[in-house]
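Below is one structure; the comments refer to it alone.
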Amino acid sequence: MLGKKMIGKKLGQGAFAMSRKVKELKKTIDNSKIINSTIGTFFDDNENLLIFDTIDKLYRELPAADIFGYAAGVSGSAEYKDAVKKDILSDHIDLFNKKNTYIDVTATAGGTGAIHNTFKGYAEEGDIVLLPNFMWEAYISLTQADNLNYETYNLFSNNSFDLKDFSKKLLNLIKKQKKVIIVINDPCQNPTGYSLSFEEWEAVIEIVKEAASYGEIVLLNDIAYIDYDFRGRELSRKHFSLFAGLPENILVVLAYSMSKSFTCYGLRTGAQIAISTSKEIMDEFSYSSEFLCRTSWSNISKGGMAILNEIFNNNKFLEEINTNRIEWINLLKERANTFIENAKTENLEYCPFRGGFFITIPLIDRKDEIVDYLIKENIFVLPLKNGIRIALCSVPCEKLKKLPKEIKKAIEFFSK
Ligand SMILES: Cc1ncc(COP(=O)(O)O)c(C=O)c1O
C-alpha cells in the first residue's frame with residue numbers, strides 16, 4: 001500500500017522513544033532513582049520544563065485573533081521577518097548593505113522546517129549532502145525524506161574543528177557534484193556542544209570560497225542553540241559578518257528557531273534566513289521557499305510570530321528575556337562543570353565542549369550494549385552513531401555528578 005518512496009523510511013529509537021520508556025518506568029520507581037539524559041529541552045533542577053515568564057505572559061495576553069487566525073502571508077508576516085533579522089543580524093546590517101548583500105526571511109515550521117525547505121529547494125534528486133560526523137541525527141531523516149544521500153566531515157582534529165577533513169570532503173564532492181549543500185550546526189553544536197572560534201569560521205569561509213570555484217555552494221548554518229553560547233550574545237553572532245560580500249554562487253541559509261531561544265518548542269516557529277549577493281538568487285529563494293511552505297505546512301503559527309514581534313518592538317521584553325537567559329546559561333555552566341570535573345576524575349573521554357545543551361562521549365565499540373546496560377541501571381542516555389549524548393539541559397547537577405562514574409563502569413564492563 002505504502003508509496004515506494006516511503007518504504008523502509010522509519011525513525012530510529014531516538015529521544016522521543018526513549019522518553020516514552022522513562023515515562024513507563026516512572027510509574028514503578030521514584031524519579032530520584034532515574035537519570036533521564038535523553039531530553040533536548042531545558043529543565044530546571046526539579047526536572048520541570050523551563051519557560052520564560054515573559055514569553056508565557058506575552059502569549060497568554062495576545063488577542064485571540066493573533067493566536068487562532070491565519071498568519072498573513074505564507075512565508076510569514078513582514079513584522080516577523082523584521083524581528084528575525086533584528087534578532088540575528090542587527091550587528092551586521094551596515095556591513096551587509098556596504099557589501100551589496102541581500103537578506104531574505106521565510107518563516108518555517110521550526111528550525112526543522114528551515115532545514116527541510118533548504119534540502120528540498122536546493123538539492124537535486126540523489127545528491128549527497130555534507131553533514132558533520134557527530135550530528136543531530138534528524139538531518140539523516142531529512143535527507144532520506146527527500147531521497148538524498150549524505151557524507152560526513154570529521155568534526156574534530158585534536159581539540160579543534162577539523163579544517164583539513166572539511167576541505168578534503170568538500171572539494172572532492174564539489175568536483176563530482178557541482179553543487180553541494182553543507183550543514184554546519186554552530187554555535188553550541190548538537191550533540192557535542194562545540195562552537196567554532198571566529199578564526200575557524202574565517203578558515204571555513206576560505207575553504208568554501210575555494211570550493212565555489214568548482215560549483216555552487218549552499219552553506220546551511222543551523223543556529224538552533226545560538227542563544228545558549230557561553231561566550232555571550234555578541235560573539236555568538238560575530239561570524240555572520242563573514243557572510244557579507246561572498247561570491248554569487250555561495251548562498252548562505254541560517255536555520256533559525258524559536259524553540260530553544262524563546263522556549264517556544266511546541267509553537268513550531270522558525271525561519272530560513274537567506275543571505276546572498278545575487279538579486280536573482282534571492283528572488284528564486286523568495287518564491288521557491290514560499291511554494292515549499294505552502295506545499296508542506298502552509299503558514300505557521302500566527303501566535304508564535306506575534307511573540308517575536310512583541311519582543312523586538314519593546315526593549316523591556318528583550319531585556320527581561322536576556323537577563324533571565326543569563327541565569328539559565330549559568331545553570332548550564334554549573335552542570336557542564338559538574339559533569340566535566342567528574343568525567344576527568346573517571347578518565348572518561350568527551351568531545352571538545354564549548355557551551356550549550358549537550359556533551360558527547362565518543363563511543364563506537366559495543367555502544368548499544370552499553371546503552372542497554374545503563375538502562376538496566378535506570379540511566380537513559382541518547383545513543384548516536386558514534387557516541388552517547390548527555391543532556392546538560394535536562395539533568396540536574398546532583399545526577400550529573402554520578403553519571404560519569406556510571407558510564408565508565410558500563411564501558412569497562414564491556415571492555416573486559
Ligand atoms: C541541531 C538542531 N537543529 C534544529 C532543531 C530544530 O528544532 P525545531 O524544529 O524545534 O525548531 C533541533 C531540535 O532539536 C536541533 O537540535
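Labeling convention for the C-alpha cells: chains A, B, ... as they appear, residues from 1 per chain, ligands from 1 in order of appearance.
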Shell of 7 Å around ligand 1 (only C-alpha atoms and all ligand atoms), written as a list in words: Gly40, Ala109, Gly110, Gly111, Thr112, Gly113, Trp136, Asn185, Gln189, Asn190, Asp222, Ile223, Ala224, Ser257, Met258, Ser259, Tyr265, Arg268, Thr269 and Gly270 of chain A
If we count only C-alpha atoms, what is near Asn322 (chain A) at a cut-off of 12 Å, once residues fewer than 3 positions away on the same chain are taken out, given as a compact mmCIF listing (two decimals) with C-alpha atoms, in the first residue's frame?
# COMPACT_ATOMS: atom_id res chain seq x y z
CA PHE A 52 10.41 32.23 30.05
CA ASP A 53 7.83 34.06 32.21
CA THR A 54 7.90 36.91 29.71
CA ILE A 55 7.02 34.57 26.83
CA ASP A 87 17.48 39.21 16.42
CA ASP A 227 21.33 31.90 22.45
CA TYR A 228 22.98 29.47 24.86
CA GLY A 232 27.61 35.71 25.05
CA ARG A 233 25.23 37.22 22.53
CA SER A 261 15.96 30.53 22.16
CA PHE A 262 12.49 31.54 23.33
CA ILE A 311 9.83 41.18 21.88
CA ASN A 315 13.12 46.56 24.62
CA LYS A 316 11.74 45.79 28.04
CA PHE A 317 10.68 42.30 26.95
CA LEU A 318 14.01 41.59 25.28
CA GLU A 319 15.93 42.74 28.34
CA ARG A 325 18.67 33.61 29.93
CA ILE A 326 21.96 34.63 31.55
CA GLU A 327 20.78 32.90 34.74
CA TRP A 328 19.95 29.80 32.74
CA ILE A 329 23.31 29.85 30.98
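Proximity to region 285-298 of chain A at 10 Å, evaluated using only C-alpha atoms and with sequence-adjacent residues fewer than 6 positions away removed, yields Tyr70, Ala71, Gly73, Val74, Ser75, Gly76, Asp104, Val105, Thr106, Ala107, Thr108, Ala109, Gly113, Ala114, His116, Asn117, Thr118, Lys120, Gly121, Tyr122, Leu251, Gln272, Ala274, Ile275, Ser276 and Lys279 of chain A.
Counting from CA of Ser19 (chain A), the distance to CA of Ile321 (chain A) is 28.4 Å.
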Distance in Å - CA of Asn309 (chain A) versus CA of Tyr80 (chain A):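 Answer for the CA of Asn309 (chain A) to CA of Tyr80 (chain A) separation: 5.6 Å.
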Surrounding residues of region 344-361 of chain A excluding itself and chain neighbours under 3 positions, 10 Å, only C-alpha atoms, as a ChimeraX atom specification: /A:37,39-42,134,155-161,187-197,225-231,260,329,332-333,335-336,339-341,364,382-384,386-394,404-409,411
Distance criterion (only C-alpha atoms): nearest to Leu403 (chain A) out of A:Val84, A:Leu173, A:Ile379, A:Val183: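 With only C-alpha atoms as the atom set, the closest residue is A:Ile379.
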Contacts between region 123-127 of chain A and region 161-246 of chain A, please, where a residue of region 161-246 of chain A counts if it comes within 9 Å (with only C-alpha atoms); show its shortest atom pair and distance in Å to one decimal, rows by chain and ascending number, as a tab-separated table.
residue	atom	partner	partner_atom	distance
A:Gln177	CA	A:Asp127	CA	7.5
A:Lys179	CA	A:Ala123	CA	7.9
A:Val180	CA	A:Ala123	CA	7.7
A:Ile181	CA	A:Ala123	CA	7.1
Straight-line distance linking CA of Leu25 (chain A) with CA of Tyr373 (chain A), stated in Å to one decimal: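 About the pair CA of Leu25 (chain A) and CA of Tyr373 (chain A): they are 15.4 Å apart.
Each of A:Ser241, A:Asn314, A:Asn147, A:Ser32 was compared to Phe119 (chain A) using only C-alpha atoms, and A:Asn147 turns out to be the nearest.
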All residues 9 Å or closer to Ile217 (chain A), only C-alpha atoms, same chain fewer than 2 positions away omitted, as a VMD selection string: chain A and resid 174 178 to 182 208 to 209 211 to 212 215 219 249 to 252
Residue with smallest distance to Ser301 (chain A) - pool A:Val381, A:Ile35, A:Ala78, A:Ala72, counting only C-alpha atoms: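 Between A:Val381, A:Ile35, A:Ala78, A:Ala72, the residue approaching Ser301 (chain A) most closely is A:Ala72.
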Residue among A:Met135, A:Ile140, A:Ile103, A:Leu170 lying closest to Met282 (chain A), counting only C-alpha atoms: A:Ile103
Among the residues A:Ile7, A:Leu246, A:Ile184, A:Ile273, the one that comes closest to Glu210 (chain A) [using only C-alpha atoms]: A:Leu246
Residues of region 10-252 of chain A in strand (DSSP E), written as number ranges by chain: A: 35-37, 102-108, 128-132, 149-153, 156-157, 160-161, 179-185, 216-222, 250-252
Residue nearest Ile375 (chain A) - candidates A:Met6, A:Ala138, A:Glu47, A:Lys33, atoms counted: only C-alpha atoms: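 Looking at the shortest contact to Ile375 (chain A), the residue is A:Lys33.
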Residue neighbourhood Gly12 (chain A), 10 Å, only C-alpha atoms, exclusion window fewer than 4 positions, as an MDAnalysis selection string: chainID A and resid 16:17 137:138 141
Can those selected residues be exported to a file as a PDB file, in the first residue's frame so that it contains N, CA, C and O atoms?
ATOM      1  N   PHE A  16      12.613  10.729  21.527  1.00  0.00           N
ATOM      2  CA  PHE A  16      11.191  10.650  21.872  1.00  0.00           C
ATOM      3  C   PHE A  16      10.818   9.237  22.352  1.00  0.00           C
ATOM      4  O   PHE A  16      10.093   9.069  23.332  1.00  0.00           O
ATOM      5  N   ALA A  17      11.359   8.206  21.652  1.00  0.00           N
ATOM      6  CA  ALA A  17      11.058   6.821  22.030  1.00  0.00           C
ATOM      7  C   ALA A  17      11.626   6.513  23.416  1.00  0.00           C
ATOM      8  O   ALA A  17      10.971   5.873  24.245  1.00  0.00           O
ATOM      9  N   GLU A 137      20.751  13.644  14.587  1.00  0.00           N
ATOM     10  CA  GLU A 137      20.547  12.625  13.552  1.00  0.00           C
ATOM     11  C   GLU A 137      19.270  12.809  12.743  1.00  0.00           C
ATOM     12  O   GLU A 137      19.058  12.123  11.735  1.00  0.00           O
ATOM     13  N   ALA A 138      18.428  13.759  13.129  1.00  0.00           N
ATOM     14  CA  ALA A 138      17.271  14.102  12.283  1.00  0.00           C
ATOM     15  C   ALA A 138      17.730  14.600  10.907  1.00  0.00           C
ATOM     16  O   ALA A 138      16.978  14.501   9.934  1.00  0.00           O
ATOM     17  N   SER A 141      17.370  11.736   8.562  1.00  0.00           N
ATOM     18  CA  SER A 141      15.974  11.507   8.146  1.00  0.00           C
ATOM     19  C   SER A 141      15.542  12.574   7.140  1.00  0.00           C
ATOM     20  O   SER A 141      14.827  12.282   6.182  1.00  0.00           O
TER      21      SER A 141
END
Polymer residues at most 8 Å from Thr143 (chain A), only C-alpha atoms, same-chain spacing of 5 or more positions, as a VMD selection string: chain A and resid 119 129 148 to 150
